[in-house]
Each structure stands twice: as C-alpha cells, then as structure tokens.
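J.: File work.cif below, mmCIF, C-alpha atoms:
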```
data_target
#
loop_
_atom_site.label_atom_id
_atom_site.label_comp_id
_atom_site.auth_asym_id
_atom_site.auth_seq_id
_atom_site.Cartn_x
_atom_site.Cartn_y
_atom_site.Cartn_z
CA MET Y 1 -17.75 -13.41 -14.57
CA CYS Y 2 -17.52 -12.76 -18.32
CA TRP Y 3 -16.36 -15.17 -21.00
CA ALA Y 4 -15.14 -14.38 -24.52
CA THR Y 5 -17.07 -16.48 -26.99
CA VAL Y 6 -16.34 -14.72 -30.30
CA PHE Y 7 -13.15 -13.14 -31.64
CA VAL Y 8 -13.71 -10.25 -34.05
CA PRO Y 9 -10.27 -9.19 -35.35
CA GLU Y 10 -11.44 -5.97 -37.06
CA HIS Y 11 -12.49 -4.54 -33.68
CA ASN Y 12 -8.94 -4.80 -32.29
CA HIS Y 13 -5.82 -2.71 -32.69
CA PRO Y 14 -3.16 -4.20 -34.94
CA LEU Y 15 -1.08 -6.83 -33.21
CA THR Y 16 2.47 -6.01 -32.14
CA ALA Y 17 5.02 -6.58 -34.84
CA GLN Y 18 7.13 -9.71 -34.44
CA ASP Y 19 10.36 -7.77 -33.97
CA HIS Y 20 8.80 -5.72 -31.15
CA LEU Y 21 7.47 -8.58 -29.05
CA GLN Y 22 10.40 -8.42 -26.61
CA PHE Y 23 9.26 -4.97 -25.50
CA LEU Y 24 5.89 -6.21 -24.19
CA ARG Y 25 5.81 -6.45 -20.41
CA SER Y 26 4.32 -9.93 -20.58
CA ASN Y 27 7.44 -11.10 -22.45
CA HIS Y 28 9.93 -9.70 -19.94
CA LYS Y 29 11.21 -12.68 -18.02
CA ILE Y 30 14.70 -13.71 -16.96
CA ILE Y 31 14.66 -17.46 -16.48
CA GLU Y 32 16.69 -19.25 -13.79
CA ALA Y 33 19.43 -20.35 -16.19
CA GLN Y 34 19.89 -16.77 -17.37
CA THR Y 35 19.95 -15.54 -13.77
CA THR Y 36 22.76 -17.98 -12.98
CA GLN Y 37 24.64 -16.82 -16.06
CA ILE Y 38 24.25 -13.14 -15.11
CA ARG Y 39 25.41 -13.83 -11.55
CA THR Y 40 28.50 -15.67 -12.83
CA TYR Y 41 29.43 -12.90 -15.24
CA ARG Y 42 29.08 -10.25 -12.54
CA LEU Y 43 31.31 -12.23 -10.16
CA VAL Y 44 34.15 -12.06 -12.66
CA GLY Y 45 33.65 -8.33 -13.18
CA ILE Y 46 31.87 -8.15 -16.54
CA LYS Y 47 29.82 -4.97 -16.99
CA ILE Y 48 26.06 -5.32 -17.24
CA CYS Y 49 25.92 -3.78 -20.73
CA ASP Y 50 28.54 -6.31 -21.90
CA ILE Y 51 26.59 -9.15 -20.28
CA VAL Y 52 23.49 -8.18 -22.25
CA ASN Y 53 25.44 -7.92 -25.51
CA LEU Y 54 27.00 -11.34 -24.91
CA MET Y 55 23.64 -12.97 -24.15
CA VAL Y 56 22.09 -11.32 -27.20
CA GLN Y 57 24.74 -12.98 -29.35
CA GLN Y 58 24.16 -16.33 -27.64
CA SER Y 59 20.38 -16.22 -28.14
CA GLY Y 60 20.52 -15.05 -31.74
CA GLY Y 61 19.26 -11.49 -31.31
CA TYR Y 62 17.24 -9.22 -29.05
CA ARG Y 63 14.00 -10.76 -30.27
CA ASP Y 64 14.88 -14.14 -28.77
CA LEU Y 65 16.59 -12.87 -25.62
CA GLY Y 66 13.40 -12.54 -23.55
CA PHE Y 67 14.34 -9.42 -21.61
CA THR Y 68 15.73 -5.91 -22.03
CA LYS Y 69 18.88 -4.24 -20.76
CA LYS Y 70 16.82 -2.51 -18.05
CA ASP Y 71 15.54 -5.91 -16.88
CA CYS Y 72 19.14 -7.06 -16.51
CA TYR Y 73 20.05 -4.02 -14.40
CA ASN Y 74 17.03 -4.68 -12.17
CA LYS Y 75 17.96 -8.35 -11.81
CA VAL Y 76 21.53 -7.45 -10.75
CA ALA Y 77 20.11 -5.04 -8.15
CA ASP Y 78 17.83 -7.78 -6.80
CA LEU Y 79 20.76 -10.19 -6.58
CA LYS Y 80 22.71 -7.65 -4.53
CA CYS Y 81 19.84 -7.37 -2.06
CA LEU Y 82 19.69 -11.14 -1.71
CA THR Y 83 23.42 -11.48 -1.12
CA LEU Y 84 24.17 -11.35 2.60
CA ASN Y 85 27.85 -11.04 3.30
CA GLU Y 86 28.74 -13.34 6.19
CA ASN Y 87 31.05 -10.67 7.59
CA ASP Y 88 28.42 -7.89 7.76
CA ALA Y 89 27.31 -8.66 11.32
CA GLU Y 90 30.89 -9.02 12.48
CA GLY Y 91 31.78 -5.77 10.75
CA LEU Y 92 28.96 -3.85 12.42
CA LEU Y 93 29.83 -5.08 15.90
CA GLY Y 94 33.51 -4.45 15.24
CA TYR Y 95 32.77 -0.89 14.16
CA LEU Y 96 30.78 -0.20 17.35
CA ALA Y 97 33.53 -1.73 19.49
CA ALA Y 98 36.15 0.40 17.75
CA LYS Y 99 34.07 3.52 18.38
CA MET Y 100 33.94 2.70 22.09
CA ASP Y 101 37.69 2.06 22.21
CA SER Y 102 38.63 5.27 20.43
CA SER Y 103 36.40 8.32 19.96
CA ASP Y 104 33.33 7.51 22.11
CA PRO Y 105 34.14 5.40 25.19
CA THR Y 106 30.62 5.79 26.68
CA LEU Y 107 28.80 4.74 23.52
CA PHE Y 108 26.13 2.18 24.43
CA ALA Y 109 25.68 -0.88 22.21
CA LYS Y 110 23.84 -4.14 22.77
CA TYR Y 111 22.87 -7.01 20.50
CA ALA Y 112 20.95 -10.29 20.61
CA VAL Y 113 21.47 -13.56 18.75
CA ASP Y 114 19.12 -16.41 17.82
CA ASP Y 115 19.38 -20.13 18.59
CA GLU Y 116 21.90 -20.58 15.77
CA ASP Y 117 24.09 -17.77 17.11
CA ARG Y 118 23.12 -15.41 14.29
CA LEU Y 119 22.67 -11.69 14.89
CA CYS Y 120 19.00 -10.80 15.44
CA HIS Y 121 18.86 -7.28 16.84
CA VAL Y 122 21.37 -4.56 17.53
CA PHE Y 123 20.88 -1.30 19.44
CA TRP Y 124 23.26 1.64 19.80
CA SER Y 125 23.35 5.20 21.14
CA ASP Y 126 26.34 7.53 21.27
CA THR Y 127 27.29 9.81 24.15
CA ALA Y 128 25.79 12.96 22.62
CA SER Y 129 22.45 11.19 22.07
CA GLN Y 130 22.36 9.93 25.65
CA ARG Y 131 23.12 13.42 26.89
CA ASP Y 132 20.32 14.85 24.73
CA TYR Y 133 17.84 12.34 26.16
CA ALA Y 134 18.82 13.33 29.70
CA CYS Y 135 17.80 16.91 28.83
CA PHE Y 136 14.87 16.34 26.47
CA SER Y 137 13.19 13.12 27.55
CA ASN Y 138 9.69 14.61 27.65
CA THR Y 139 8.68 13.24 24.26
CA LEU Y 140 9.81 10.28 22.17
CA ALA Y 141 8.74 9.37 18.66
CA PHE Y 142 9.64 6.21 16.80
CA ASN Y 143 8.39 3.81 14.19
CA THR Y 144 9.74 0.93 12.13
CA THR Y 145 8.61 1.91 8.67
CA TYR Y 146 12.15 2.50 7.45
CA LYS Y 147 13.18 -0.64 5.53
CA ILE Y 148 15.42 0.91 2.91
CA ASN Y 149 18.54 -1.01 3.97
CA VAL Y 150 19.76 -3.83 1.72
CA PHE Y 151 18.49 -6.49 4.14
CA ASN Y 152 14.93 -5.04 4.26
CA LYS Y 153 14.91 -5.14 8.06
CA PRO Y 154 13.18 -2.60 10.32
CA LEU Y 155 15.44 0.27 11.32
CA VAL Y 156 14.07 2.00 14.43
CA ILE Y 157 15.07 5.62 14.99
CA PHE Y 158 14.24 7.07 18.41
CA VAL Y 159 13.84 10.85 18.15
CA GLY Y 160 12.68 13.77 20.26
CA VAL Y 161 12.79 17.58 20.16
CA ASN Y 162 15.26 19.91 21.81
CA HIS Y 163 14.80 23.39 23.28
CA HIS Y 164 14.87 24.89 19.77
CA PHE Y 165 12.03 22.57 18.65
CA ARG Y 166 14.46 20.75 16.38
CA THR Y 167 14.55 16.99 15.96
CA THR Y 168 17.21 15.26 18.00
CA VAL Y 169 18.14 11.59 17.63
CA PHE Y 170 18.41 9.49 20.81
CA SER Y 171 19.30 6.04 19.47
CA PHE Y 172 18.99 3.48 16.69
CA ALA Y 173 18.06 -0.19 16.52
CA LEU Y 174 18.20 -2.67 13.65
CA LEU Y 175 15.69 -5.47 14.21
CA MET Y 176 15.02 -8.89 12.75
CA ASN Y 177 11.21 -8.62 12.88
CA GLU Y 178 8.32 -6.66 14.38
CA THR Y 179 6.93 -8.97 17.05
CA ILE Y 180 5.94 -8.00 20.59
CA GLU Y 181 8.99 -9.82 21.95
CA THR Y 182 11.28 -7.85 19.67
CA TYR Y 183 9.75 -4.52 20.66
CA VAL Y 184 9.95 -5.41 24.35
CA TRP Y 185 13.65 -6.19 23.90
CA VAL Y 186 14.39 -2.90 22.17
CA LEU Y 187 12.37 -0.79 24.63
CA LEU Y 188 13.96 -2.43 27.68
CA THR Y 189 17.37 -1.94 26.07
CA PHE Y 190 16.50 1.71 25.47
CA LEU Y 191 15.65 2.15 29.15
CA GLU Y 192 18.86 0.38 30.15
CA CYS Y 193 20.83 2.76 27.97
CA MET Y 194 19.05 5.83 29.36
CA ASN Y 195 19.48 4.84 33.03
CA GLY Y 196 15.85 3.81 33.40
CA VAL Y 197 14.45 7.30 32.79
CA ILE Y 198 10.90 6.79 31.49
CA LEU Y 199 9.65 9.52 29.21
CA GLY Y 200 6.31 11.28 29.46
CA VAL Y 201 4.93 10.85 25.94
CA VAL Y 202 5.46 8.30 23.15
CA VAL Y 203 4.37 8.97 19.56
CA THR Y 204 4.14 5.89 17.31
CA ASP Y 205 2.58 4.80 14.02
CA GLY Y 206 0.00 2.65 15.83
CA ASP Y 207 1.49 -0.80 15.25
CA ASN Y 208 -0.32 -3.27 17.55
CA SER Y 209 2.85 -5.11 18.59
CA MET Y 210 4.52 -1.83 19.39
CA LYS Y 211 1.49 -0.73 21.40
CA ALA Y 212 1.58 -3.91 23.49
CA ALA Y 213 5.31 -3.49 24.16
CA ILE Y 214 4.85 0.14 25.25
CA GLN Y 215 2.17 -0.92 27.72
CA GLN Y 216 4.63 -3.40 29.23
CA CYS Y 217 7.75 -1.24 29.30
CA PHE Y 218 6.74 2.43 29.48
CA LEU Y 219 4.36 2.35 32.42
CA GLY Y 220 2.67 5.69 33.01
CA SER Y 221 3.65 7.16 29.64
CA VAL Y 222 1.05 8.75 27.36
CA HIS Y 223 0.79 7.01 23.99
CA ARG Y 224 -0.10 9.26 21.05
CA LEU Y 225 -0.81 7.99 17.54
CA CYS Y 226 0.96 9.60 14.60
CA GLY Y 227 -1.25 12.13 12.83
CA TRP Y 228 0.40 11.55 9.46
CA HIS Y 229 -0.30 7.82 9.55
CA LEU Y 230 -3.89 8.45 10.64
CA CYS Y 231 -4.53 10.79 7.71
CA THR Y 232 -2.92 8.34 5.31
CA ASN Y 233 -5.11 5.54 6.65
CA ALA Y 234 -8.18 7.78 6.45
CA THR Y 235 -7.51 8.35 2.77
CA SER Y 236 -6.94 4.67 2.01
CA ASN Y 237 -9.90 3.36 4.05
CA VAL Y 238 -12.57 5.91 3.20
CA LYS Y 239 -11.24 7.11 -0.16
CA SER Y 240 -12.76 10.56 0.08
CA PRO Y 241 -10.64 13.73 0.07
CA GLN Y 242 -13.51 15.60 1.69
CA PHE Y 243 -13.59 13.11 4.55
CA THR Y 244 -9.82 13.35 5.08
CA LYS Y 245 -10.06 17.14 5.18
CA ALA Y 246 -12.84 17.02 7.78
CA PHE Y 247 -11.01 14.31 9.74
CA LYS Y 248 -7.91 16.53 9.99
CA LYS Y 249 -10.01 19.17 11.75
CA LEU Y 250 -11.05 16.63 14.39
CA LEU Y 251 -7.43 15.55 14.63
CA TYR Y 252 -5.72 18.92 15.08
CA ARG Y 253 -8.28 21.53 16.11
CA HIS Y 254 -9.20 22.37 19.69
CA TYR Y 255 -12.84 21.65 20.52
CA ASN Y 256 -14.59 21.19 23.80
CA PHE Y 257 -15.92 17.66 24.26
CA PRO Y 258 -19.56 18.29 23.22
CA GLN Y 259 -18.39 20.14 20.10
CA TRP Y 260 -16.03 17.34 19.16
CA TYR Y 261 -18.71 14.66 19.50
CA ASP Y 262 -21.15 16.78 17.48
CA GLN Y 263 -18.55 17.18 14.72
CA TRP Y 264 -17.80 13.45 14.72
CA ASN Y 265 -21.45 12.45 14.50
CA ALA Y 266 -22.01 14.96 11.71
CA LEU Y 267 -19.05 13.45 9.86
CA LEU Y 268 -20.48 9.93 10.14
CA GLN Y 269 -23.86 11.14 8.97
CA LYS Y 270 -22.50 13.11 6.01
CA PHE Y 271 -20.38 10.28 4.62
CA ASP Y 272 -22.58 7.39 5.83
CA LEU Y 273 -19.77 5.74 7.78
CA HIS Y 274 -21.63 4.23 10.72
CA SER Y 275 -20.67 0.69 9.62
CA ASN Y 276 -17.11 1.45 8.46
CA ALA Y 277 -14.78 -0.79 10.48
CA TRP Y 278 -11.74 1.50 10.30
CA VAL Y 279 -13.75 4.57 11.30
CA ASN Y 280 -15.26 2.76 14.29
CA ALA Y 281 -11.89 1.41 15.42
CA THR Y 282 -10.32 4.86 15.09
CA TYR Y 283 -13.10 6.38 17.17
CA GLU Y 284 -12.32 3.96 20.00
CA THR Y 285 -8.73 5.29 20.12
CA ARG Y 286 -9.72 8.99 19.96
CA GLY Y 287 -8.02 9.58 23.30
CA GLN Y 288 -4.68 8.83 21.63
CA TRP Y 289 -4.88 11.12 18.61
CA SER Y 290 -7.41 13.95 18.86
CA GLU Y 291 -6.02 17.28 20.08
CA THR Y 292 -9.22 17.71 22.06
CA PHE Y 293 -8.37 14.70 24.24
CA VAL Y 294 -4.55 14.89 24.43
CA ARG Y 295 -3.96 18.63 24.76
CA ASN Y 296 -3.32 18.49 28.50
CA ASN Y 297 -0.02 16.68 27.83
CA PHE Y 298 3.28 18.17 26.70
CA PHE Y 299 4.33 16.98 23.23
CA GLY Y 300 6.98 19.55 22.35
CA GLY Y 301 5.18 20.21 19.08
CA MET Y 302 5.36 16.55 18.00
CA SER Y 303 2.26 15.01 16.53
CA THR Y 304 3.82 12.68 13.96
CA THR Y 305 6.71 10.23 13.69
CA GLN Y 306 7.74 11.60 10.29
#
```
Once more with this new file: its structure as structure tokens, please.
T.:
Amino acid sequence: MCWATVFVPEHNHPLTAQDHLQFLRSNHKIIEAQTTQIRTYRLVGIKICDIVNLMVQQSGGYRDLGFTKKDCYNKVADLKCLTLNENDAEGLLGYLAAKMDSSDPTLFAKYAVDDEDRLCHVFWSDTASQRDYACFSNTLAFNTTYKINVFNKPLVIFVGVNHHFRTTVFSFALLMNETIETYVWVLLTFLECMNGVILGVVVTDGDNSMKAAIQQCFLGSVHRLCGWHLCTNATSNVKSPQFTKAFKKLLYRHYNFPQWYDQWNALLQKFDLHSNAWVNATYETRGQWSETFVRNNFFGGMSTTQ
C-alpha cells in the first residue's frame, strides 16, 4: 500500500476551473430530495429538459446543480425500471386468456404465485410452437441470460431447429429467479405442455441450477454445454487469445481420443495451466462440450444457445 506524504503542485496538471466542476464524474450526483422532485415533475407531465431548466433556476445555476441533463435522463430511466405497475401481471394473464378465447384456443399457459399471491413464474406456448416441437423435438436449447425486460427477470426462450436448419421457438417462460426449484417447475411445465415428449439433446449455458433440474426432469437426455459460453469463459479465465484459439480446436474439431488427450496435455503444458481451477473444472465436463466426445449424438447443427 502506498501513501502520499508530499504534495508538489508543479508536477500536476492545472486544476479544473470552478465553472467546470459540475462536469467531473465525481461531482455527478442526484440526491434523494432531487430524485423526489424529478419524480413529481414527471408525474404531472413536465418534460425532462424543462425539469432540468427549472432545477437550474432553483439552485442558482448549472454550477450548483450537481448533475447534468444526461444524468437526469438516466435517473428518469432508472425510475421507470423501478416502477412496477400493479396491473402488469393481471394484464399479461388477461392477454393470454384472450388469445385462448379468440385466435389460439389450444395455446398453453400456466403460472405460479408465491405465498402472498403474487405472480412468480409464467409459461406459455402457442399452437404453432407445440406443433413444431412435435416434429422437431430432437434438440432443445435454452438459457436465462436474457434480462432486458423492465423488471430484470430471467426470460427463458426454448428453441430448436427445423428441417431447414432454421431456429424455431417452442415456448417462453418469465421467471422470478434462477433456483433449482424454479427450473424444475419450468421444465416440468414444458413437458406437460408438450405431452410428456422428452427430447434427445439439451444445450444450455452451463448454469448449475439448470443442470440439476435437467437431471431431475429430462431423464435420458444428453446435456451439451454451449460452445459460445465456454469460449467466453475461456477468455475471461485464462486471458490469452492464443489459448482461446487453441481451446476452440478442442471444442469443435474431430479428434480420436488419444489425439484429443495429447492436444489437451500440450495445451496445459504450453500455457502452464495445470493448477488453473477453471481449466480443471472444464476438463471434467469434456464429455458435455467437446465434439470428440459428443459427436455420436444428433444436435441438428446446434452447439450454442445464442
């Protein structure tokens, strides 16, 4: 740890001018009172630019405001994400019910609530998706990395490939969390929707809770790990582009078993990775990601969840 003991002003850049201090990142802060004021103004329909101009006048100028116009826009966006309309859950279920009553009578929808009768999970699949699964249930890919909705909750998309090797969507699920119990619920609901037809291959991003749920619900299915996630993790854990390039060869190329083990050992030796925890853990799951070990199964060209 280093400590500053002497300040030598001539070795520093000139300090920021007083009238530019509000542009420093360290000075960008919207305090709670200002947040309440912004929220109130937005509720009565005042534009964000007008809110900023009004607060500038109240504070005596931009220098004393404490934030910029961009900060105000970001704060309003954050407030929208935190605002949960009490009718959203009712609206979603009403929409699905209306679909079943009108244009899609065999649409499948199921939901679960918590101890306080609040919506936890919801699953749905339309008739066309169920029909596609009946024809193309050989391979299923899904993950829960999509959290771009305003509630920041996992959106699961179950997909496969059709006879033209094009992605086809089987169903959707919006979940409260990513626990084993939640995944078991959604997988059992998926099987209920698809008349209990268990697929041959599942491709996932490798989430441990998801893995445990698959072992409980999809008995006899082959579990393959997503190649894209593996390469991303290889880059972040080893931090060597050369290693990632060599790892991709072990991931996607066809070797016989002795050749594959020779290549793996050479990789460990070259990059000195014998004690790397991620590398060792990945090696233990080689039967779920390397083309050398999984090539006897039909994947329909799917090796990733992306």
J.: In Å, how far is it from CA of Leu93 (chain Y) to CA of Val113 (chain Y)?
T.: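 These two atoms are separated by 12.2 Å.
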J.: Would you mind telling me which residue in Y:Val44, Y:Ala246, Y:Ala134, Y:Ala89 lies nearest to Leu268 (chain Y) when using only C-alpha atoms?
T.: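 Result for the nearest residue to Leu268 (chain Y): Y:Ala246.
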J.: Write out as JSON, numbers by chain which residues come within 10 Å of Val238 (chain Y) when counting all atoms listed in the file, dropping same-chain ones fewer than 3 positions away.
T.: {"Y": [233, 234, 235, 241, 242, 243, 244, 271, 273, 276, 278, 279]}
J.: Taking the file as shown, what set of residues would the PyMOL selection byres ((chain Y and resi 201) around 7) give back, as a list in words?
T.: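 Expected selection for the PyMOL selection byres ((chain Y and resi 201) around 7) here is Asn138, Thr139, Leu140, Leu199, Gly200, Val202, Val203, Ser221, Val222, His223 and Phe299 of chain Y.
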J.: Edge lengths and centre in Å to one decimal, as AutoDock Vina command-line options, is what I'm after for the box along x, y and z that holds all listed atoms of region 58-73 of chain Y once 8 Å is added on each side.
T.:
```
--center_x 18.8 --center_y -9.4 --center_z -23.1 --size_x 26.8 --size_y 29.8 --size_z 33.3
```
J.: Which of these, Y:Ile48, Y:Met302, Y:Met55, Y:Ala98, has the shortest distance to Val76 (chain Y) once you count only C-alpha atoms?
T.: Y:Ile48
J.: Mind checking which residues fall within 12 Å of His163 (chain Y), counting all atoms listed in the file, ignoring those fewer than 3 positions away in the same chain, and posting them as a VMD selection string?
T.: chain Y and resid 132 to 133 135 to 139 160 166 to 168 300 to 301
J.: Using all atoms listed in the file, which of Y:Tyr255, Y:Trp260, Y:Phe298, Y:Phe170 sits nearest Arg224 (chain Y)?
T.: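 Of the candidates, the smallest distance to Arg224 (chain Y) is held by Y:Phe298.
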J.: For each of Y:Ala281, Y:Leu96, Y:Leu24, Y:Leu174, take the minimum atom-to-atom distance to Asp126 (chain Y), counting all atoms listed in the file, then give the residue where this is smallest.
T.: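 Smallest separation from Asp126 (chain Y) among the options: Y:Leu96.
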J.: I'd like to know which of Y:Met176, Y:Phe108, Y:Gly227, Y:Val159 is closest to Glu192 (chain Y), using only C-alpha atoms.
T.: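 Between Y:Met176, Y:Phe108, Y:Gly227, Y:Val159, the residue approaching Glu192 (chain Y) most closely is Y:Phe108.
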J.: Neighbouring residues of Asn74 (chain Y) were defined as those with any atom within 12 Å, considering all atoms listed in the file; residues of the same chain fewer than 2 positions away were excluded. Please report them as JSON, numbers by chain.
T.: {"Y": [28, 29, 30, 35, 38, 48, 67, 68, 69, 70, 71, 72, 76, 77, 78, 79, 80, 81]}
J.: What lies within 8 Å of Ile180 (chain Y) using all atoms listed in the file, ignoring chain neighbours under 3 positions off, as a list in words?
T.: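 Returned residues: Tyr183, Val184, Ser209, Met210, Ala212 and Ala213 of chain Y.
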J.: Please list, as a PyMOL selection string, the residues that have an atom at most 12 Å away from (16.1, 3.0, 32.4) in the coordinates of this file, counting all atoms listed in the file.
T.: chain Y and resi 130+133-134+137+186-199+217-219
J.: For this file, the PyMOL selection byres ((chain Y and resi 292) around 12) selects which residues, as number ranges by chain?
T.: Y: 249-261, 263, 286-291, 293-297
J.: One decimal, in Å: what's the spacing between CA of Leu54 (chain Y) and CA of Thr40 (chain Y)?
T.: 12.9 Å
